[in-house]
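To be precise, the following lines are data07.tsv, and they hold TSV, C-alpha atoms.
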```
chain	number	residue	atom	x	y	z
A	1	MET	CA	64.88	56.87	88.07
A	2	LYS	CA	63.65	59.84	86.04
A	3	GLY	CA	65.63	62.78	84.71
A	4	ALA	CA	63.96	65.18	87.12
A	5	GLU	CA	64.98	62.95	90.01
A	6	VAL	CA	68.60	63.09	88.85
A	7	ILE	CA	68.37	66.91	88.77
A	8	SER	CA	66.85	66.88	92.28
A	9	LYS	CA	69.72	64.75	93.51
A	10	LEU	CA	72.17	67.14	91.84
A	11	SER	CA	70.80	69.98	93.93
A	12	THR	CA	72.15	68.25	97.04
A	13	ILE	CA	75.61	67.87	95.48
A	14	LEU	CA	76.24	71.26	93.83
A	15	ASP	CA	77.92	73.79	96.11
A	16	GLY	CA	76.31	76.83	94.48
A	17	GLU	CA	79.44	78.02	92.69
A	18	GLU	CA	78.98	75.84	89.61
A	19	LEU	CA	77.66	77.44	86.43
A	20	VAL	CA	74.89	75.25	85.01
A	21	VAL	CA	73.67	75.32	81.40
A	22	SER	CA	70.49	73.31	80.77
A	23	SER	CA	68.96	72.24	77.45
A	24	ASN	CA	65.70	73.69	76.13
A	25	GLY	CA	62.37	72.17	77.10
A	26	ASN	CA	61.74	69.96	80.12
A	27	VAL	CA	65.38	69.84	81.22
A	28	SER	CA	65.65	73.63	81.59
A	29	ARG	CA	62.26	73.85	83.30
A	30	GLN	CA	63.29	71.18	85.78
A	31	ALA	CA	66.65	72.85	86.34
A	32	TYR	CA	64.90	76.17	87.00
A	33	HIS	CA	62.56	74.68	89.59
A	34	LEU	CA	64.85	72.08	91.17
A	35	LEU	CA	68.33	73.64	91.26
A	36	GLN	CA	69.28	76.56	93.45
A	37	GLY	CA	70.89	79.74	92.11
A	38	ASP	CA	70.39	81.61	88.87
A	39	GLN	CA	71.56	79.25	86.16
A	40	PHE	CA	71.52	79.56	82.37
A	41	TYR	CA	68.27	78.06	81.13
A	42	ILE	CA	68.20	77.63	77.36
A	43	ARG	CA	64.77	78.22	75.82
A	44	GLY	CA	65.50	77.54	72.16
A	45	SER	CA	68.60	76.79	70.08
A	46	MET	CA	68.23	73.05	70.33
A	47	GLY	CA	71.57	71.28	69.96
A	48	LEU	CA	73.64	74.10	71.43
A	49	PRO	CA	73.97	73.44	75.18
A	50	VAL	CA	77.35	71.77	74.72
A	51	PRO	CA	78.94	74.63	72.71
A	52	ILE	CA	77.41	77.21	75.07
A	53	GLY	CA	78.93	75.31	77.99
A	54	LEU	CA	82.27	75.05	76.19
A	55	GLY	CA	82.39	78.81	75.52
A	56	LEU	CA	81.47	79.51	79.13
A	57	ALA	CA	84.13	77.09	80.40
A	58	LEU	CA	86.77	78.86	78.29
A	59	ALA	CA	85.75	82.29	79.57
A	60	GLN	CA	85.57	81.13	83.21
A	61	PRO	CA	88.42	78.65	83.61
A	62	ARG	CA	88.29	78.74	87.43
A	63	ARG	CA	84.60	77.84	87.67
A	64	THR	CA	83.09	74.41	87.15
A	65	VAL	CA	80.68	74.49	84.21
A	66	LEU	CA	77.99	71.81	84.11
A	67	VAL	CA	75.87	71.13	81.03
A	68	ILE	CA	72.68	69.12	81.58
A	69	THR	CA	71.13	67.92	78.35
A	70	GLY	CA	68.59	65.44	77.08
A	71	ASP	CA	69.52	62.79	74.53
A	72	GLY	CA	67.68	64.37	71.57
A	73	ASN	CA	69.33	67.70	72.19
A	74	PHE	CA	72.77	66.14	72.64
A	75	LEU	CA	72.46	64.15	69.41
A	76	MET	CA	71.37	67.20	67.43
A	77	GLY	CA	74.56	68.98	68.43
A	78	LEU	CA	76.71	65.87	68.44
A	79	SER	CA	79.52	67.32	66.34
A	80	ALA	CA	80.14	69.90	69.08
A	81	MET	CA	81.42	67.01	71.22
A	82	THR	CA	84.28	66.60	68.77
A	83	THR	CA	85.23	70.21	69.45
A	84	VAL	CA	85.07	69.50	73.20
A	85	ALA	CA	87.35	66.53	72.56
A	86	TYR	CA	89.78	68.80	70.69
A	87	ILE	CA	89.85	71.43	73.47
A	88	LYS	CA	89.41	69.14	76.52
A	89	PRO	CA	88.60	71.90	79.01
A	90	ASP	CA	89.33	70.74	82.58
A	91	ASN	CA	86.35	72.55	84.06
A	92	LEU	CA	83.59	71.22	81.81
A	93	LYS	CA	81.15	68.53	82.95
A	94	ILE	CA	78.33	67.16	80.79
A	95	ILE	CA	75.43	65.07	82.07
A	96	ILE	CA	73.28	63.43	79.39
A	97	LEU	CA	69.82	62.42	80.65
A	98	ASP	CA	68.88	59.78	78.11
A	99	ASN	CA	65.24	58.63	78.13
A	100	GLU	CA	65.43	57.74	74.40
A	101	LEU	CA	62.60	60.23	73.78
A	102	TYR	CA	61.86	63.74	72.67
A	103	SER	CA	59.97	64.15	75.95
A	104	THR	CA	59.07	67.83	75.71
A	105	THR	CA	57.27	67.39	72.40
A	106	GLY	CA	55.20	64.43	73.53
A	107	GLY	CA	57.49	61.45	73.82
A	108	GLN	CA	58.51	60.68	70.24
A	109	GLU	CA	61.46	58.31	69.89
A	110	THR	CA	65.00	59.53	69.41
A	111	VAL	CA	67.67	57.31	67.85
A	112	SER	CA	69.66	57.01	71.06
A	113	SER	CA	68.69	53.38	71.74
A	114	ALA	CA	70.95	52.42	68.83
A	115	ILE	CA	74.02	54.11	70.26
A	116	ASP	CA	76.63	53.09	72.77
A	117	PHE	CA	77.46	56.52	74.18
A	118	SER	CA	80.57	55.38	76.05
A	119	ILE	CA	82.20	53.80	73.03
A	120	MET	CA	81.25	56.76	70.85
A	121	ILE	CA	82.70	59.33	73.22
A	122	ILE	CA	85.82	57.27	73.99
A	123	GLY	CA	86.23	57.11	70.21
A	124	MET	CA	86.37	60.89	70.21
A	125	GLY	CA	89.35	60.69	72.53
A	126	ILE	CA	87.55	61.44	75.79
A	127	ASP	CA	88.26	58.57	78.16
A	128	SER	CA	86.62	60.17	81.21
A	129	VAL	CA	83.11	59.18	80.10
A	130	LYS	CA	80.88	56.99	82.22
A	131	SER	CA	77.58	55.45	81.24
A	132	PHE	CA	75.01	53.92	83.61
A	133	ASP	CA	71.50	52.58	83.35
A	134	MET	CA	69.48	54.26	86.11
A	135	ARG	CA	66.18	52.73	85.06
A	136	ASP	CA	66.59	49.75	87.39
A	137	ASP	CA	69.37	50.69	89.75
A	138	GLU	CA	69.49	54.01	91.54
A	139	ASN	CA	72.07	53.07	94.14
A	140	LEU	CA	75.10	54.64	92.57
A	141	ILE	CA	73.59	57.98	91.61
A	142	THR	CA	75.03	60.09	94.45
A	143	GLU	CA	78.50	58.67	93.98
A	144	MET	CA	78.40	59.15	90.20
A	145	LEU	CA	77.22	62.74	90.43
A	146	LYS	CA	79.85	63.58	93.05
A	147	ASP	CA	82.53	61.99	90.92
A	148	THR	CA	81.40	63.99	87.88
A	149	ILE	CA	81.11	67.35	89.63
A	150	HIS	CA	83.85	67.26	92.25
A	151	LYS	CA	86.70	65.34	90.66
A	152	PRO	CA	88.91	67.51	88.44
A	153	GLY	CA	88.96	67.27	84.68
A	154	LEU	CA	86.56	66.97	81.77
A	155	LYS	CA	83.79	64.51	82.70
A	156	ILE	CA	80.91	63.13	80.68
A	157	LEU	CA	78.17	61.22	82.50
A	158	HIS	CA	75.60	59.43	80.37
A	159	LEU	CA	72.55	58.16	82.28
A	160	LYS	CA	69.75	56.04	80.92
A	161	VAL	CA	66.64	57.31	82.72
A	162	GLU	CA	62.93	56.55	82.70
A	163	ASP	CA	60.45	58.55	80.70
A	164	ASP	CA	59.84	61.77	82.55
A	165	THR	CA	56.27	61.94	83.71
A	166	ILE	CA	57.15	64.73	86.14
A	167	LYS	CA	55.89	67.88	84.45
A	168	VAL	CA	56.92	71.25	85.81
A	169	ASP	CA	55.77	74.77	84.99
A	170	ASP	CA	57.42	76.91	82.37
A	171	ILE	CA	60.21	79.31	83.34
A	172	PRO	CA	58.53	82.63	84.21
A	173	GLN	CA	61.57	84.82	83.47
A	174	HIS	CA	62.20	86.53	80.15
A	175	PRO	CA	65.45	85.28	78.57
A	176	THR	CA	67.13	88.67	79.05
A	177	VAL	CA	66.34	88.39	82.78
A	178	ILE	CA	67.75	84.85	82.81
A	179	LYS	CA	70.94	86.20	81.24
A	180	ASP	CA	71.22	89.23	83.52
A	181	ASN	CA	70.71	87.16	86.68
A	182	PHE	CA	73.22	84.59	85.50
A	183	VAL	CA	75.88	87.15	84.59
A	184	LYS	CA	75.57	88.77	88.04
A	185	ARG	CA	76.94	85.57	89.60
A	186	LEU	CA	80.30	85.86	87.87
B	187	MET	CA	91.79	96.21	45.12
B	188	PHE	CA	94.12	96.16	48.08
B	189	MET	CA	93.95	93.71	50.92
B	190	ILE	CA	93.57	94.69	54.56
B	191	ASP	CA	96.70	93.92	56.55
B	192	SER	CA	95.81	90.98	58.78
B	193	ASP	CA	98.00	92.04	61.71
B	194	ASN	CA	96.50	95.54	61.74
B	195	PHE	CA	93.07	94.01	61.56
B	196	LEU	CA	93.72	91.66	64.49
B	197	SER	CA	95.29	94.49	66.53
B	198	TYR	CA	92.09	96.47	66.04
B	199	LEU	CA	90.07	93.52	67.37
B	200	THR	CA	92.44	93.16	70.35
B	201	ASP	CA	92.07	96.86	71.11
B	202	ASN	CA	88.31	96.35	71.13
B	203	GLY	CA	88.49	93.59	73.71
B	204	PHE	CA	88.17	90.47	71.56
B	205	THR	CA	90.11	87.47	72.86
B	206	LEU	CA	88.51	84.47	71.15
B	207	SER	CA	87.53	83.62	67.62
B	208	THR	CA	85.60	80.71	66.21
B	209	GLY	CA	83.84	79.74	63.02
B	210	VAL	CA	84.17	77.68	59.87
B	211	PRO	CA	86.78	78.79	57.31
B	212	CYS	CA	86.29	80.33	53.90
B	213	SER	CA	89.11	80.86	51.41
B	214	TYR	CA	88.20	84.56	51.42
B	215	PHE	CA	89.62	84.63	54.96
B	216	LYS	CA	92.68	82.53	54.22
B	217	ASP	CA	95.23	85.22	55.09
B	218	LEU	CA	93.35	86.40	58.16
B	219	LEU	CA	92.98	82.84	59.46
B	220	LEU	CA	96.68	82.13	58.95
B	221	ALA	CA	97.54	85.25	60.96
B	222	LEU	CA	94.94	84.38	63.58
B	223	GLU	CA	96.29	80.90	64.19
B	224	LYS	CA	99.76	82.33	64.89
B	225	ASP	CA	98.51	85.19	67.05
B	226	ASN	CA	98.73	84.45	70.77
B	227	ARG	CA	96.41	87.33	71.63
B	228	PHE	CA	93.53	85.13	70.45
B	229	THR	CA	92.30	81.61	70.97
B	230	TYR	CA	90.91	80.34	67.66
B	231	ILE	CA	88.53	77.40	67.86
B	232	PRO	CA	87.67	75.61	64.63
B	233	ALA	CA	83.97	74.82	64.95
B	234	THR	CA	82.33	71.91	63.14
B	235	ARG	CA	79.29	74.00	62.18
B	236	GLU	CA	78.43	77.66	62.16
B	237	ASP	CA	75.56	77.30	64.64
B	238	GLU	CA	77.96	75.59	67.03
B	239	ALA	CA	80.23	78.63	66.66
B	240	ILE	CA	77.33	80.95	67.58
B	241	GLY	CA	76.69	78.81	70.68
B	242	LEU	CA	80.35	78.81	71.64
B	243	ALA	CA	80.74	82.58	71.19
B	244	SER	CA	77.50	83.15	73.14
B	245	GLY	CA	78.76	81.02	76.04
B	246	TYR	CA	82.03	82.93	75.97
B	247	PHE	CA	80.12	86.21	76.16
B	248	LEU	CA	78.04	84.91	79.11
B	249	GLY	CA	81.33	84.18	80.87
B	250	GLY	CA	82.45	87.78	80.39
B	251	GLY	CA	84.56	87.34	77.25
B	252	ARG	CA	84.27	88.78	73.79
B	253	ALA	CA	84.41	86.60	70.68
B	254	PHE	CA	84.18	87.23	66.96
B	255	LEU	CA	83.11	84.74	64.31
B	256	ILE	CA	84.41	84.01	60.85
B	257	ILE	CA	82.05	82.14	58.52
B	258	GLN	CA	81.14	81.75	54.86
B	259	ASN	CA	77.75	83.09	53.77
B	260	SER	CA	76.63	79.49	53.18
B	261	GLY	CA	76.78	79.28	56.97
B	262	LEU	CA	74.08	81.94	57.27
B	263	ALA	CA	71.68	79.16	56.37
B	264	ASN	CA	72.98	77.10	59.29
B	265	ILE	CA	72.71	79.73	62.01
B	266	GLY	CA	69.08	80.80	61.78
B	267	ASP	CA	67.91	79.14	64.98
B	268	ALA	CA	71.10	79.99	66.88
B	269	LEU	CA	70.63	83.65	66.00
B	270	THR	CA	66.91	83.97	66.55
B	271	SER	CA	66.32	81.77	69.61
B	272	LEU	CA	69.66	82.29	71.37
B	273	ALA	CA	71.72	85.37	70.51
B	274	GLN	CA	68.85	87.69	69.59
B	275	LEU	CA	66.46	86.36	72.23
B	276	TYR	CA	68.94	86.66	75.12
B	277	GLN	CA	70.48	89.84	73.67
B	278	ILE	CA	74.00	88.58	73.16
B	279	PRO	CA	76.20	90.89	71.07
B	280	LEU	CA	78.34	89.01	68.53
B	281	LEU	CA	80.57	90.26	65.74
B	282	VAL	CA	80.23	87.93	62.75
B	283	PHE	CA	82.47	88.25	59.67
B	284	VAL	CA	80.75	86.67	56.68
B	285	SER	CA	82.40	86.05	53.31
B	286	TYR	CA	80.24	87.36	50.50
B	287	ARG	CA	80.41	84.49	48.04
B	288	GLY	CA	78.32	84.13	44.92
B	289	LEU	CA	79.02	87.51	43.35
B	290	GLU	CA	80.50	88.00	39.87
B	291	SER	CA	83.94	86.79	41.02
B	292	ASP	CA	82.38	83.42	41.90
B	293	LYS	CA	80.77	82.85	38.52
B	294	ASP	CA	82.58	79.52	38.18
B	295	SER	CA	81.24	78.26	41.54
B	296	PRO	CA	77.54	77.56	41.04
B	297	GLU	CA	77.18	76.31	44.62
B	298	HIS	CA	77.49	79.90	45.87
B	299	VAL	CA	75.18	81.63	43.40
B	300	VAL	CA	71.82	81.36	45.17
B	301	MET	CA	73.21	82.28	48.58
B	302	GLY	CA	75.06	85.17	46.97
B	303	ASP	CA	71.74	86.42	45.61
B	304	VAL	CA	69.91	86.07	48.91
B	305	THR	CA	72.63	87.02	51.42
B	306	LYS	CA	71.30	90.52	52.08
B	307	PRO	CA	67.60	89.50	52.05
B	308	VAL	CA	68.44	86.68	54.51
B	309	LEU	CA	70.16	89.11	56.88
B	310	ASP	CA	67.25	91.54	56.52
B	311	ALA	CA	64.81	88.72	57.28
B	312	TYR	CA	66.82	87.74	60.36
B	313	GLN	CA	66.77	91.43	61.36
B	314	ILE	CA	70.56	91.43	61.57
B	315	PRO	CA	72.29	94.75	60.81
B	316	TYR	CA	75.16	94.37	58.36
B	317	TRP	CA	77.93	96.36	56.76
B	318	THR	CA	80.42	95.71	53.97
B	319	ILE	CA	84.09	96.51	54.58
B	320	GLN	CA	86.83	97.42	52.14
B	321	GLU	CA	90.51	98.16	52.50
B	322	HIS	CA	90.04	101.94	52.57
B	323	ASN	CA	87.19	102.18	55.09
B	324	TRP	CA	87.26	99.14	57.35
B	325	LYS	CA	88.18	100.91	60.60
B	326	ASP	CA	85.45	103.53	60.31
B	327	VAL	CA	82.88	100.93	59.32
B	328	LEU	CA	83.84	98.64	62.21
B	329	ASP	CA	83.84	101.55	64.71
B	330	ASN	CA	80.28	102.31	63.68
B	331	ALA	CA	79.21	98.65	63.56
B	332	LEU	CA	80.58	97.92	67.06
B	333	GLU	CA	78.80	100.97	68.42
B	334	VAL	CA	75.52	99.65	67.00
B	335	MET	CA	76.25	96.18	68.36
B	336	GLU	CA	76.76	97.58	71.87
B	337	GLU	CA	73.59	99.61	71.62
B	338	ILE	CA	71.28	96.84	70.40
B	339	LYS	CA	73.11	94.02	72.29
B	340	LYS	CA	72.58	91.67	69.38
B	341	PRO	CA	74.64	89.98	66.65
B	342	ILE	CA	75.79	92.01	63.67
B	343	CYS	CA	77.38	90.87	60.41
B	344	ILE	CA	80.25	92.27	58.40
B	345	LEU	CA	80.20	91.18	54.76
B	346	VAL	CA	83.63	90.60	53.24
B	347	LYS	CA	84.11	90.33	49.49
B	348	LYS	CA	86.88	88.48	47.69
B	349	GLY	CA	90.36	89.93	48.09
B	350	VAL	CA	89.65	92.03	51.17
B	351	LEU	CA	90.92	89.64	53.89
B	352	GLY	CA	92.43	86.86	51.79
B	353	GLU	CA	93.04	85.67	48.22
```

For the file at hand, write its structure as structure tokens.
Amino acid sequence: MKGAEVISKLSTILDGEELVVSSNGNVSRQAYHLLQGDQFYIRGSMGLPVPIGLGLALAQPRRTVLVITGDGNFLMGLSAMTTVAYIKPDNLKIIILDNELYSTTGGQETVSSAIDFSIMIIGMGIDSVKSFDMRDDENLITEMLKDTIHKPGLKILHLKVEDDTIKVDDIPQHPTVIKDNFVKRL
Amino acid sequence: MFMIDSDNFLSYLTDNGFTLSTGVPCSYFKDLLLALEKDNRFTYIPATREDEAIGLASGYFLGGGRAFLIIQNSGLANIGDALTSLAQLYQIPLLVFVSYRGLESDKDSPEHVVMGDVTKPVLDAYQIPYWTIQEHNWKDVLDNALEVMEEIKKPICILVKKGVLGE
């Protein structure tokens, strides 16, 4: 299963009220084209989707905030996870689409193959993390996404996915339009 | 030089709608940070890095809240991408208090000297408006700075020298 296929599947599970923050590059482009609603698509600031999601979750405690991030992006901003662990916001969900590559820039390797994400995140004091390899087995995806989005509490879902050969067009909106459309939903 | 009273300072920020603060400490803000941690009008979140703090405050703004940041000027070197490709690009107003290290009073701390020299050129290069506050003028300066921030919808910096908000 590829990252874009996970995002497609997500679109059947989200109820439209969730606030989604997606990481710069392919992930945001896929989120723009595959998810419904005006979400917050990050264009730059690599490494910051988790803190942006955390700030949003604190400002909107009654809404579910979902961060979708690639592995390279997540690892760049890794220390922000320790802040999430310190705050433990009930309404924050993070999905890490881990293809072990910087896909947007041409498929260069990240260091993620060396890391056990579950053990690392449990070590931060977050025991609600789940990690699955979706490269061979897609059966559980719907159940895992539902569990992450619909069950209460901070949830981290780490998914090993295949290299994303599904290329989608750039996001046509200017970032200020992205922001204005997103803010209107609150 | 006299120090700004921390409680007055925080009351001013409350009156202007700020409810969350984040950043990375500097000893120049020691008194302010002590007051902030005890003040239930604010949530203070200790960030691990200054760029993380920009991300967090930006997310808080997107959710309808208003956050201010407290960082050392060394952190200006860490927030370049967060400023230019997030807060400035999406037009997110942020109030950033920056300690102005590396001046004469820091002559025994060589680690601050270069950043002290380049603090204003760095802010100019980032196209970030900035002001310096002192005990006698801080309210007027902040009134003006916040007005500019609202108008341009972008981050602004307030430089704080030694002894103004701590030590």

Residue with the minimum atom-to-atom distance to chain B, picked from A:Leu10, A:Leu56, A:Ile119, A:Leu101 with only C-alpha atoms counted, is A:Leu56

Contacts from chain B to chain A, 7 Å maximum, all atoms listed in the file: show me the residue list as a PyMOL selection string.
chain B and resi 233-234+238+241-246+248-251+267-268+271-272+275-277

Taking only C-alpha atoms into account, name the residue in A:Lys2, A:His33, A:Lys9, A:Lys167 that is nearest to A:Met144.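 Closest candidate: A:Lys9.
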
Write out as a list in words each polymer residue whose atoms come within 8 Å of stretch 129-136 of chain A, counting only C-alpha atoms; drop sequence neighbours fewer than 6 positions from it.
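Counting only C-alpha atoms, the residues come to Met1, Lys2, Phe117, Ser118, Ile121, Ile122, Lys155, Ile156, Leu157, His158, Leu159, Lys160, Val161 and Glu162 of chain A.
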
| field | Expected answer as a ChimeraX atom specification: all residues with atoms within 8 Å of (70.1, 68.3, 87.6), only C-alpha atoms | value | /A:3-11,30-31,34-35,68

### Message
Report, in Å with one decimal, the straight-line distance from atom CA of A:Ile115 to atom CA of A:Pro89.
### Response
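Going from atom CA of A:Ile115 over to atom CA of A:Pro89 covers 24.6 Å.
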
Exercise. Atom CA of A:Ser23 and atom CA of A:Ile94, how far apart in Å?
Worked result: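 Atom-to-atom, atom CA of A:Ile94 and atom CA of A:Ser23 are spaced 11.2 Å apart.
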
Exercise. Write out as JSON, numbers by chain each polymer residue whose atoms come within 9 Å of B:Ile344, counting all atoms listed in the file; drop sequence neighbours fewer than 4 positions from it.
Key: {"B": [281, 282, 283, 284, 285, 315, 316, 317, 318, 319, 328, 331]}

**Report entry** Straight-line distance linking atom CA of A:Asp170 with atom CA of A:Asn73, stated in Å to one decimal
**Finding:**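 So the two atoms, atom CA of A:Asp170 and atom CA of A:Asn73, lie 18.2 Å apart.
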
Please put the answer as JSON: centre and edge lengths, in Å with one decimal, of a box along x, y and z that encloses all listed atoms of stretch 70-75 of chain A plus 3 Å on each side.
```
{"center_x": 70.2, "center_y": 65.2, "center_z": 73.2, "size_x": 11.1, "size_y": 10.9, "size_z": 13.7}
```

Got a sec: who's within 8 Å of A:Tyr32, counting all atoms listed in the file, leaving out chain neighbours fewer than 5 positions off, as a PyMOL selection string?
chain A and resi 38-39+41+171
